[in-house]
file start_25.csv (CSV, C-alpha atoms and all ligand atoms)
chain,number,residue,atom,x,y,z
A,1,MET,CA,21.1,25.7,10.5
A,2,VAL,CA,19.6,23.2,12.9
A,3,GLU,CA,21.3,23.1,16.4
A,4,GLN,CA,22.3,19.6,17.4
A,5,PRO,CA,20.0,18.7,20.3
A,6,ASP,CA,21.6,17.7,23.7
A,7,GLY,CA,19.0,15.0,24.6
A,8,LEU,CA,17.1,12.8,22.2
A,9,GLY,CA,14.1,11.9,24.4
A,10,VAL,CA,10.6,11.7,23.0
A,11,GLY,CA,9.5,15.2,22.0
A,12,THR,CA,12.9,16.6,21.2
A,13,VAL,CA,12.7,15.9,17.5
A,14,ALA,CA,9.0,16.7,17.4
A,15,GLY,CA,9.8,20.2,18.7
A,16,LEU,CA,12.5,20.7,16.1
A,17,LEU,CA,10.2,19.5,13.3
A,18,ARG,CA,7.4,21.9,14.4
A,19,GLU,CA,10.0,24.7,14.0
A,20,HIS,CA,10.6,23.6,10.4
A,21,PRO,CA,7.2,23.1,8.8
A,22,PRO,CA,7.2,21.6,5.3
A,23,MET,CA,6.3,23.8,2.3
A,24,ASP,CA,6.6,27.0,4.3
A,25,ARG,CA,7.7,29.0,1.2
A,26,GLU,CA,6.3,30.4,-2.0
A,27,LEU,CA,5.3,27.6,-4.3
A,28,PRO,CA,4.0,27.6,-7.9
A,29,GLY,CA,0.2,27.2,-8.5
A,30,PHE,CA,-1.5,24.4,-10.4
A,31,ASP,CA,-4.7,25.0,-12.3
A,32,PRO,CA,-6.2,21.5,-13.1
A,33,ALA,CA,-8.5,23.2,-15.7
A,34,GLY,CA,-5.4,23.6,-17.9
A,35,ALA,CA,-4.2,20.1,-17.4
A,36,PRO,CA,-3.8,17.8,-20.4
A,37,ALA,CA,-6.2,14.8,-21.0
A,38,ALA,CA,-3.5,12.3,-20.1
A,39,PRO,CA,-0.9,12.2,-17.3
A,40,GLY,CA,2.3,11.6,-19.4
A,41,PRO,CA,2.5,15.1,-20.9
A,42,LEU,CA,1.8,16.7,-17.5
A,43,PHE,CA,4.5,14.6,-15.8
A,44,VAL,CA,7.0,15.7,-18.5
A,45,ARG,CA,5.9,19.3,-17.9
A,46,TRP,CA,6.4,19.0,-14.2
A,47,LEU,CA,9.7,17.1,-14.6
A,48,LEU,CA,11.1,19.8,-16.9
A,49,GLY,CA,9.9,22.4,-14.4
A,50,ALA,CA,11.9,20.6,-11.7
A,51,LEU,CA,15.0,20.4,-13.8
A,52,THR,CA,14.7,24.1,-14.7
A,53,ALA,CA,14.3,24.9,-11.0
A,54,GLU,CA,17.5,22.9,-10.4
A,55,VAL,CA,15.9,20.4,-8.1
A,56,PRO,CA,18.8,18.1,-7.3
A,57,ASP,CA,18.3,14.5,-8.7
A,58,ALA,CA,14.9,15.5,-10.1
A,59,GLN,CA,14.8,12.2,-12.0
A,60,VAL,CA,15.0,10.1,-8.9
A,61,GLY,CA,11.9,8.7,-7.1
A,62,ALA,CA,11.0,6.0,-4.6
A,63,LEU,CA,9.9,2.8,-6.4
A,64,SER,CA,7.7,0.6,-4.2
A,65,THR,CA,7.2,-3.1,-4.8
A,66,VAL,CA,5.6,-6.0,-2.9
A,67,ASP,CA,7.6,-8.8,-1.5
A,68,GLU,CA,6.9,-12.5,-1.3
A,69,ASP,CA,5.0,-12.1,2.0
A,70,GLY,CA,2.8,-9.3,0.5
A,71,LEU,CA,4.8,-6.6,2.4
A,72,PRO,CA,5.8,-3.3,0.9
A,73,ASP,CA,9.4,-2.5,0.0
A,74,ALA,CA,10.7,0.7,-1.5
A,75,ARG,CA,14.0,2.3,-2.7
A,76,MET,CA,15.1,5.3,-4.8
A,77,LEU,CA,15.6,4.6,-8.5
A,78,VAL,CA,16.6,6.8,-11.4
A,79,LEU,CA,14.0,7.5,-14.1
A,80,ARG,CA,15.6,6.6,-17.5
A,81,ASP,CA,12.9,7.8,-19.8
A,82,VAL,CA,9.2,8.5,-20.1
A,83,ASP,CA,6.8,7.2,-22.8
A,84,ALA,CA,4.5,10.2,-22.5
A,85,ASP,CA,1.9,8.9,-25.0
A,86,GLY,CA,1.8,5.4,-23.6
A,87,ALA,CA,2.1,6.5,-20.0
A,88,GLY,CA,5.2,4.4,-19.4
A,89,TRP,CA,7.9,5.3,-16.9
A,90,LEU,CA,11.2,3.5,-17.5
A,91,PHE,CA,13.8,2.3,-15.0
A,92,ALA,CA,16.7,-0.1,-15.0
A,93,ALA,CA,17.6,-2.6,-12.4
A,94,ASP,CA,19.2,-6.0,-11.7
A,95,ALA,CA,16.6,-8.8,-12.2
A,96,ASP,CA,18.5,-10.8,-9.6
A,97,SER,CA,18.2,-8.1,-6.9
A,98,PRO,CA,15.4,-8.2,-4.3
A,99,LYS,CA,13.3,-5.7,-6.3
A,100,GLY,CA,13.9,-7.7,-9.5
A,101,ARG,CA,12.7,-10.9,-7.8
A,102,GLN,CA,9.8,-9.1,-6.3
A,103,LEU,CA,8.8,-7.7,-9.7
A,104,ALA,CA,9.1,-11.2,-11.3
A,105,ALA,CA,6.6,-12.5,-8.7
A,106,THR,CA,4.3,-9.5,-8.6
A,107,PRO,CA,4.8,-7.3,-11.7
A,108,ALA,CA,3.3,-4.1,-10.2
A,109,ALA,CA,4.8,-1.0,-8.6
A,110,ALA,CA,4.2,2.5,-7.3
A,111,TRP,CA,6.7,5.2,-8.1
A,112,THR,CA,6.7,8.4,-6.1
A,113,PHE,CA,8.5,11.6,-7.0
A,114,TYR,CA,8.8,14.7,-4.8
A,115,TRP,CA,10.3,18.0,-5.9
A,116,PRO,CA,10.6,20.1,-2.7
A,117,GLN,CA,11.5,23.4,-4.3
A,118,LEU,CA,8.2,23.3,-6.1
A,119,GLY,CA,6.2,21.5,-3.5
A,120,ARG,CA,5.1,18.9,-6.1
A,121,GLN,CA,4.5,15.2,-5.7
A,122,VAL,CA,3.6,12.7,-8.4
A,123,ARG,CA,2.5,9.2,-7.5
A,124,ILE,CA,2.4,6.6,-10.3
A,125,ARG,CA,0.9,3.1,-9.9
A,126,GLY,CA,0.6,0.4,-12.4
A,127,THR,CA,1.9,-2.8,-13.9
A,128,VAL,CA,5.6,-3.5,-14.7
A,129,GLU,CA,6.9,-5.0,-18.0
A,130,ALA,CA,10.5,-6.1,-18.6
A,131,ALA,CA,12.0,-5.1,-21.9
A,132,ALA,CA,13.5,-7.6,-24.4
A,133,PRO,CA,17.0,-8.7,-23.4
A,134,GLU,CA,18.5,-6.9,-26.5
A,135,LEU,CA,17.0,-3.6,-25.4
A,136,SER,CA,18.2,-4.0,-21.9
A,137,ALA,CA,21.7,-4.9,-23.2
A,138,ALA,CA,21.7,-1.8,-25.5
A,139,GLU,CA,20.8,0.4,-22.5
A,140,PHE,CA,23.6,-1.2,-20.4
A,141,LEU,CA,26.2,-0.2,-23.0
A,142,THR,CA,25.2,3.5,-22.7
A,143,ARG,CA,26.5,3.4,-19.1
A,144,SER,CA,29.8,4.6,-17.8
A,145,PRO,CA,32.6,2.0,-17.2
A,146,ALA,CA,32.2,2.5,-13.5
A,147,ALA,CA,28.5,1.8,-13.5
A,148,ARG,CA,29.0,-1.2,-15.8
A,149,ALA,CA,31.8,-2.6,-13.6
A,150,ALA,CA,29.6,-2.2,-10.5
A,151,ALA,CA,26.8,-4.3,-12.2
A,152,LEU,CA,29.2,-6.9,-13.5
A,153,GLY,CA,30.4,-8.0,-10.0
A,154,GLY,CA,27.4,-10.0,-8.9
A,155,PRO,CA,23.8,-9.7,-7.8
A,156,GLN,CA,22.8,-6.4,-6.3
A,157,SER,CA,22.1,-6.4,-2.5
A,158,ALA,CA,24.1,-9.7,-2.0
A,159,PRO,CA,26.2,-9.5,1.2
A,160,ILE,CA,29.9,-8.5,0.7
A,161,GLY,CA,32.7,-9.5,3.0
A,162,SER,CA,34.3,-6.0,3.2
A,163,LEU,CA,34.7,-2.8,1.3
A,164,ALA,CA,38.2,-3.8,0.5
A,165,ALA,CA,37.0,-7.1,-1.1
A,166,TYR,CA,34.4,-5.0,-3.1
A,167,ASP,CA,37.1,-2.6,-4.3
A,168,THR,CA,39.1,-5.6,-5.6
A,169,GLU,CA,36.0,-6.9,-7.3
A,170,LEU,CA,35.5,-3.5,-9.0
A,171,THR,CA,39.1,-3.4,-10.1
A,172,THR,CA,38.8,-6.9,-11.6
A,173,ALA,CA,35.5,-5.9,-13.4
A,174,LEU,CA,37.0,-2.8,-14.8
A,175,ALA,CA,39.9,-4.8,-16.2
A,176,ARG,CA,37.5,-7.3,-17.7
A,177,LEU,CA,35.6,-4.4,-19.3
A,178,ALA,CA,38.8,-2.9,-20.7
A,179,ASP,CA,39.5,-6.3,-22.4
A,180,ASP,CA,35.9,-6.7,-23.6
A,181,PRO,CA,33.8,-3.5,-23.7
A,182,SER,CA,30.8,-5.5,-25.0
A,183,LEU,CA,30.3,-7.3,-21.6
A,184,ILE,CA,26.7,-7.2,-20.3
A,185,ALA,CA,25.7,-7.8,-16.7
A,186,PRO,CA,23.4,-10.9,-17.0
A,187,GLY,CA,20.5,-9.5,-14.9
A,188,HIS,CA,20.5,-6.0,-16.2
A,189,THR,CA,16.9,-5.2,-17.2
A,190,VAL,CA,15.0,-2.2,-18.4
A,191,TYR,CA,11.5,-2.1,-16.9
A,192,THR,CA,8.5,0.0,-17.8
A,193,LEU,CA,6.0,1.0,-15.2
A,194,ARG,CA,2.8,1.2,-17.3
A,195,ALA,CA,0.5,3.5,-15.3
A,196,THR,CA,-3.1,2.8,-14.4
A,197,ALA,CA,-3.2,5.7,-12.0
A,198,VAL,CA,-1.1,8.9,-11.7
A,199,GLU,CA,-1.8,11.6,-9.1
A,200,PHE,CA,-0.4,15.1,-9.3
A,201,TRP,CA,-0.2,17.0,-6.0
A,202,GLN,CA,0.6,20.7,-5.8
A,203,GLY,CA,1.5,21.8,-2.2
A,204,ASP,CA,0.4,25.2,-1.0
A,205,ARG,CA,1.8,27.2,1.9
A,206,ALA,CA,-1.7,28.0,3.1
A,207,ARG,CA,-2.6,24.3,2.8
A,208,ARG,CA,-4.9,24.8,-0.2
A,209,HIS,CA,-3.2,21.9,-1.8
A,210,VAL,CA,-4.4,20.8,-5.3
A,211,ARG,CA,-4.7,17.1,-6.2
A,212,LEU,CA,-5.6,15.7,-9.6
A,213,ARG,CA,-5.7,11.9,-10.2
A,214,TYR,CA,-5.8,10.3,-13.6
A,215,ASP,CA,-7.1,6.8,-13.8
A,216,ARG,CA,-7.6,4.2,-16.5
A,217,PRO,CA,-9.0,0.7,-15.9
A,218,ALA,CA,-6.3,-1.0,-18.0
A,219,PRO,CA,-3.1,0.1,-19.6
A,220,ASP,CA,-4.8,0.2,-23.1
A,221,ALA,CA,-7.9,2.1,-21.9
A,222,GLY,CA,-8.6,5.9,-22.0
A,223,TRP,CA,-7.9,8.2,-19.1
A,224,GLY,CA,-10.4,9.9,-16.8
A,225,SER,CA,-9.4,12.4,-14.1
A,226,THR,CA,-10.7,13.4,-10.7
A,227,LEU,CA,-10.0,16.2,-8.2
A,228,LEU,CA,-9.3,14.9,-4.7
A,229,ARG,CA,-9.7,16.4,-1.3
A,230,PRO,CA,-6.3,17.2,0.1
B,301,LIG,C1,19.6,8.6,-5.7
B,301,LIG,C2,19.6,7.1,-5.9
B,301,LIG,C3,19.4,6.6,-7.1
B,301,LIG,C4,19.5,5.2,-7.3
B,301,LIG,N1,19.2,4.7,-8.6
B,301,LIG,C5,19.2,3.4,-8.8
B,301,LIG,C6,18.8,2.8,-10.0
B,301,LIG,O1,18.5,3.5,-11.0
B,301,LIG,N2,18.8,1.5,-10.2
B,301,LIG,C7,19.1,0.6,-9.1
B,301,LIG,O2,19.0,-0.6,-9.3
B,301,LIG,N3,19.3,1.1,-7.9
B,301,LIG,C8,19.4,2.5,-7.7
B,301,LIG,N4,19.7,3.0,-6.4
B,301,LIG,C9,19.9,2.0,-5.3
B,301,LIG,C10,18.6,1.6,-4.8
B,301,LIG,O3,18.0,2.6,-4.0
B,301,LIG,C11,18.7,0.3,-4.0
B,301,LIG,O4,19.7,0.5,-2.9
B,301,LIG,C12,19.2,-0.9,-4.8
B,301,LIG,O5,18.6,-0.9,-6.1
B,301,LIG,C13,18.9,-2.2,-4.1
B,301,LIG,O6,17.5,-2.3,-3.9
B,301,LIG,P1,16.8,-3.8,-3.6
B,301,LIG,O7,17.6,-4.4,-2.6
B,301,LIG,O8,15.4,-3.4,-3.2
B,301,LIG,O9,16.8,-4.5,-4.9
B,301,LIG,C14,19.7,4.4,-6.2
B,301,LIG,C15,19.8,4.9,-5.0
B,301,LIG,C16,19.8,6.3,-4.8
B,301,LIG,C17,19.9,6.9,-3.4

call {"tool": "encode", "arguments": {"input": "start_25.csv", "output": "structure tokens"}}
result
Amino acid sequence: MVEQPDGLGVGTVAGLLREHPPMDRELPGFDPAGAPAAPGPLFVRWLLGALTAEVPDAQVGALSTVDEDGLPDARMLVLRDVDADGAGWLFAADADSPKGRQLAATPAAAWTFYWPQLGRQVRIRGTVEAAAPELSAAEFLTRSPAARAAALGGPQSAPIGSLAAYDTELTTALARLADDPSLIAPGHTVYTLRATAVEFWQGDRARRHVRLRYDRPAPDAGWGSTLLRP
């Protein structure tokens, strides 16, 4: 339990953080010599390890995009599926949201996962492809009524007047869905991040971290891999 500090001057937080160093616990090992030739199967292996270790929200990572001014933007997104053979990572988002517009202008992203219980990070970089509208619509229909109602209200990240107004909007959307369960939010899109680089990072309490990066020059090329200095 961390004590609430009395003062918040410079140095207070730094002192607290030094008392709680990251990865100060037993962590699994990672032998790159046993790694597969491509990153997809290794990602699935690590993801299953995270789910087995009951890492909360193991399927959530920070997706980074580039905005119209060339500046980075990032937010957490749920991983929907992995195409292990094609090294594709799937997510779903509103094409009319800021990230959707950013991806339309610059179809490239980085997706970063961290599983603290295992001290494991995976960084995926590549190009982003939007699925055909029929596929996105089919994925939308797999969602809970609450999730579909939230998406039917309007573009994500648009300002709302108040939470009460939003609640009314949700109630209306739920009623529309009850009348017509086949409704699809217009911007709902499934995207695939097609990797050109994937780095696996295994943390170590004694700082002997292990980093293995897979690269391919283009999404249809073969993979090479390199050990990196931590
Ligand atoms: C754990 C978690 C999971 C999330 N999953 C998604 C998701 O799968 N899709 C999505 O559009 N937003 C998801 N969000 C919300 C996004 O982080 C973000 O707030 C939203 O997509 C708006 O981002 P934008 O304004 O950059 O477009 C999630 C947030 C959290 C904290």

call {"tool": "closest_residue", "arguments": {"input": "start_25.csv", "among": "A:Ala175, A:Val78, A:Ala151, A:Ala138", "to": "A:Asp57", "atoms": "all atoms listed in the file"}}
result
A:Val78

call {"tool": "residues_near_ligand", "arguments": {"input": "start_25.csv", "ligand": "ligand LIG 301 (chain B)", "cutoff": "10 Å", "atoms": "all atoms listed in the file", "output": "MDAnalysis selection string"}}
result
chainID A and resid 56:65 67 73:80 90:103 151 155:158 188:190

call {"tool": "residues_around", "arguments": {"input": "start_25.csv", "residues": "stretch 117-124 of chain A", "least_positions_apart": "3", "cutoff": "8 Å", "atoms": "only C-alpha atoms", "output": "list in words"}}
result
Met23, Leu27, Pro28, Phe43, Ala50, Ala53, Val55, Ala110, Trp111, Thr112, Phe113, Tyr114, Ala195, Thr196, Ala197, Val198, Glu199, Phe200, Trp201, Gln202, Gly203 and Asp204 of chain A

call {"tool": "atom_distance", "arguments": {"input": "start_25.csv", "atom1": "atom CA of A:Leu212", "atom2": "atom CA of A:Pro107"}}
result
25.3 Å

call {"tool": "atom_distance", "arguments": {"input": "start_25.csv", "atom1": "atom CA of A:Ala137", "atom2": "atom CA of A:Ile184"}}
result
6.2 Å

call {"tool": "atom_distance", "arguments": {"input": "start_25.csv", "atom1": "atom CA of A:Ala147", "atom2": "atom CA of A:Ala173"}}
result
10.4 Å

call {"tool": "residues_around", "arguments": {"input": "start_25.csv", "residues": "A:Trp89", "least_positions_apart": "4", "cutoff": "6 Å", "atoms": "all atoms listed in the file", "output": "MDAnalysis selection string"}}
result
chainID A and resid 82 192:193

call {"tool": "closest_residue", "arguments": {"input": "start_25.csv", "among": "A:Ala14, A:Leu71, A:Leu227, A:Ala131", "to": "A:Ala35", "atoms": "only C-alpha atoms"}}
result
A:Leu227

call {"tool": "closest_residue", "arguments": {"input": "start_25.csv", "among": "A:Ala33, A:Ala132, A:Ser162, A:Asp167", "to": "A:Ser225", "atoms": "all atoms listed in the file"}}
result
A:Ala33

call {"tool": "residues_around", "arguments": {"input": "start_25.csv", "residues": "A:Gly86", "least_positions_apart": "3", "cutoff": "9 Å", "atoms": "all atoms listed in the file", "output": "ChimeraX atom specification"}}
result
/A:40,82-83,194-195,219-220

call {"tool": "write_last_selection", "arguments": {"input": "start_25.csv", "atoms": "C-alpha atoms", "output": "mmCIF file, keeping the file's coordinate frame"}}
result
data_model
loop_
_atom_site.group_PDB
_atom_site.id
_atom_site.type_symbol
_atom_site.label_atom_id
_atom_site.label_comp_id
_atom_site.auth_asym_id
_atom_site.auth_seq_id
_atom_site.Cartn_x
_atom_site.Cartn_y
_atom_site.Cartn_z
ATOM 1 C CA GLY A 40 2.300 11.600 -19.400
ATOM 2 C CA VAL A 82 9.200 8.500 -20.100
ATOM 3 C CA ASP A 83 6.800 7.200 -22.800
ATOM 4 C CA ARG A 194 2.800 1.200 -17.300
ATOM 5 C CA ALA A 195 0.500 3.500 -15.300
ATOM 6 C CA PRO A 219 -3.100 0.100 -19.600
ATOM 7 C CA ASP A 220 -4.800 0.200 -23.100
#

call {"tool": "closest_residue", "arguments": {"input": "start_25.csv", "among": "A:Asp179, A:Pro230, A:Pro116, A:Arg148", "to": "A:Arg213", "atoms": "only C-alpha atoms"}}
result
A:Pro230

call {"tool": "build_atoms", "arguments": {"input": "start_25.csv", "residues": "stretch 175-201 of chain A", "atoms": "N, CA, C and O atoms", "output": "mmCIF file, in the frame of the given file"}}
result
data_model
loop_
_atom_site.group_PDB
_atom_site.id
_atom_site.type_symbol
_atom_site.label_atom_id
_atom_site.label_comp_id
_atom_site.auth_asym_id
_atom_site.auth_seq_id
_atom_site.Cartn_x
_atom_site.Cartn_y
_atom_site.Cartn_z
ATOM 1 N N ALA A 175 38.912 -4.199 -15.309
ATOM 2 C CA ALA A 175 39.900 -4.800 -16.200
ATOM 3 C C ALA A 175 39.232 -5.705 -17.231
ATOM 4 O O ALA A 175 39.584 -5.683 -18.420
ATOM 5 N N ARG A 176 38.209 -6.458 -16.795
ATOM 6 C CA ARG A 176 37.500 -7.300 -17.700
ATOM 7 C C ARG A 176 36.796 -6.454 -18.817
ATOM 8 O O ARG A 176 36.783 -6.782 -19.999
ATOM 9 N N LEU A 177 36.243 -5.319 -18.374
ATOM 10 C CA LEU A 177 35.600 -4.400 -19.300
ATOM 11 C C LEU A 177 36.561 -3.812 -20.317
ATOM 12 O O LEU A 177 36.231 -3.622 -21.492
ATOM 13 N N ALA A 178 37.760 -3.491 -19.830
ATOM 14 C CA ALA A 178 38.800 -2.900 -20.700
ATOM 15 C C ALA A 178 39.125 -3.939 -21.799
ATOM 16 O O ALA A 178 39.313 -3.594 -22.968
ATOM 17 N N ASP A 179 39.164 -5.230 -21.412
ATOM 18 C CA ASP A 179 39.500 -6.300 -22.400
ATOM 19 C C ASP A 179 38.311 -6.525 -23.336
ATOM 20 O O ASP A 179 38.495 -6.805 -24.507
ATOM 21 N N ASP A 180 37.090 -6.428 -22.798
ATOM 22 C CA ASP A 180 35.900 -6.700 -23.600
ATOM 23 C C ASP A 180 34.785 -5.717 -23.280
ATOM 24 O O ASP A 180 33.952 -5.973 -22.403
ATOM 25 N N PRO A 181 34.756 -4.571 -23.980
ATOM 26 C CA PRO A 181 33.800 -3.500 -23.700
ATOM 27 C C PRO A 181 32.328 -3.941 -23.971
ATOM 28 O O PRO A 181 31.394 -3.227 -23.602
ATOM 29 N N SER A 182 32.145 -5.108 -24.631
ATOM 30 C CA SER A 182 30.800 -5.500 -25.000
ATOM 31 C C SER A 182 30.131 -6.363 -23.846
ATOM 32 O O SER A 182 29.004 -6.837 -23.997
ATOM 33 N N LEU A 183 30.835 -6.533 -22.720
ATOM 34 C CA LEU A 183 30.300 -7.300 -21.600
ATOM 35 C C LEU A 183 28.971 -6.736 -21.104
ATOM 36 O O LEU A 183 28.866 -5.516 -20.934
ATOM 37 N N ILE A 184 28.006 -7.602 -20.840
ATOM 38 C CA ILE A 184 26.700 -7.200 -20.300
ATOM 39 C C ILE A 184 26.447 -7.893 -18.995
ATOM 40 O O ILE A 184 26.608 -9.116 -18.929
ATOM 41 N N ALA A 185 26.033 -7.167 -17.982
ATOM 42 C CA ALA A 185 25.700 -7.800 -16.700
ATOM 43 C C ALA A 185 24.435 -8.674 -16.962
ATOM 44 O O ALA A 185 23.439 -8.180 -17.519
ATOM 45 N N PRO A 186 24.470 -9.953 -16.574
ATOM 46 C CA PRO A 186 23.400 -10.900 -17.000
ATOM 47 C C PRO A 186 21.991 -10.432 -16.525
ATOM 48 O O PRO A 186 21.029 -10.607 -17.251
ATOM 49 N N GLY A 187 21.880 -9.858 -15.333
ATOM 50 C CA GLY A 187 20.500 -9.500 -14.900
ATOM 51 C C GLY A 187 20.053 -8.133 -15.246
ATOM 52 O O GLY A 187 18.904 -7.756 -14.940
ATOM 53 N N HIS A 188 20.899 -7.366 -15.938
ATOM 54 C CA HIS A 188 20.500 -6.000 -16.200
ATOM 55 C C HIS A 188 19.247 -5.895 -17.047
ATOM 56 O O HIS A 188 19.181 -6.449 -18.143
ATOM 57 N N THR A 189 18.258 -5.221 -16.537
ATOM 58 C CA THR A 189 16.900 -5.200 -17.200
ATOM 59 C C THR A 189 16.351 -3.806 -17.166
ATOM 60 O O THR A 189 16.400 -3.115 -16.144
ATOM 61 N N VAL A 190 15.813 -3.414 -18.307
ATOM 62 C CA VAL A 190 15.000 -2.200 -18.400
ATOM 63 C C VAL A 190 13.578 -2.554 -18.153
ATOM 64 O O VAL A 190 13.077 -3.495 -18.774
ATOM 65 N N TYR A 191 12.934 -1.851 -17.244
ATOM 66 C CA TYR A 191 11.500 -2.100 -16.900
ATOM 67 C C TYR A 191 10.695 -0.878 -17.292
ATOM 68 O O TYR A 191 11.188 0.252 -17.200
ATOM 69 N N THR A 192 9.437 -1.118 -17.644
ATOM 70 C CA THR A 192 8.500 0.000 -17.800
ATOM 71 C C THR A 192 7.353 -0.152 -16.851
ATOM 72 O O THR A 192 6.701 -1.210 -16.797
ATOM 73 N N LEU A 193 7.164 0.895 -16.064
ATOM 74 C CA LEU A 193 6.000 1.000 -15.200
ATOM 75 C C LEU A 193 4.868 1.560 -16.069
ATOM 76 O O LEU A 193 4.929 2.732 -16.461
ATOM 77 N N ARG A 194 3.893 0.740 -16.425
ATOM 78 C CA ARG A 194 2.800 1.200 -17.300
ATOM 79 C C ARG A 194 1.662 1.611 -16.367
ATOM 80 O O ARG A 194 1.065 0.793 -15.660
ATOM 81 N N ALA A 195 1.399 2.904 -16.343
ATOM 82 C CA ALA A 195 0.500 3.500 -15.300
ATOM 83 C C ALA A 195 -0.954 3.112 -15.526
ATOM 84 O O ALA A 195 -1.452 3.113 -16.659
ATOM 85 N N THR A 196 -1.625 2.840 -14.410
ATOM 86 C CA THR A 196 -3.100 2.800 -14.400
ATOM 87 C C THR A 196 -3.655 3.934 -13.582
ATOM 88 O O THR A 196 -4.841 4.241 -13.662
ATOM 89 N N ALA A 197 -2.803 4.572 -12.756
ATOM 90 C CA ALA A 197 -3.200 5.700 -12.000
ATOM 91 C C ALA A 197 -2.020 6.660 -11.755
ATOM 92 O O ALA A 197 -0.928 6.169 -11.451
ATOM 93 N N VAL A 198 -2.220 7.949 -11.956
ATOM 94 C CA VAL A 198 -1.100 8.900 -11.700
ATOM 95 C C VAL A 198 -1.770 10.126 -11.021
ATOM 96 O O VAL A 198 -2.718 10.737 -11.531
ATOM 97 N N GLU A 199 -1.219 10.437 -9.847
ATOM 98 C CA GLU A 199 -1.800 11.600 -9.100
ATOM 99 C C GLU A 199 -0.748 12.703 -9.007
ATOM 100 O O GLU A 199 0.415 12.494 -8.654
ATOM 101 N N PHE A 200 -1.208 13.890 -9.331
ATOM 102 C CA PHE A 200 -0.400 15.100 -9.300
ATOM 103 C C PHE A 200 -0.844 15.904 -8.037
ATOM 104 O O PHE A 200 -2.048 16.150 -7.871
ATOM 105 N N TRP A 201 0.126 16.312 -7.222
ATOM 106 C CA TRP A 201 -0.200 17.000 -6.000
ATOM 107 C C TRP A 201 0.639 18.256 -5.897
ATOM 108 O O TRP A 201 1.873 18.205 -5.934
#
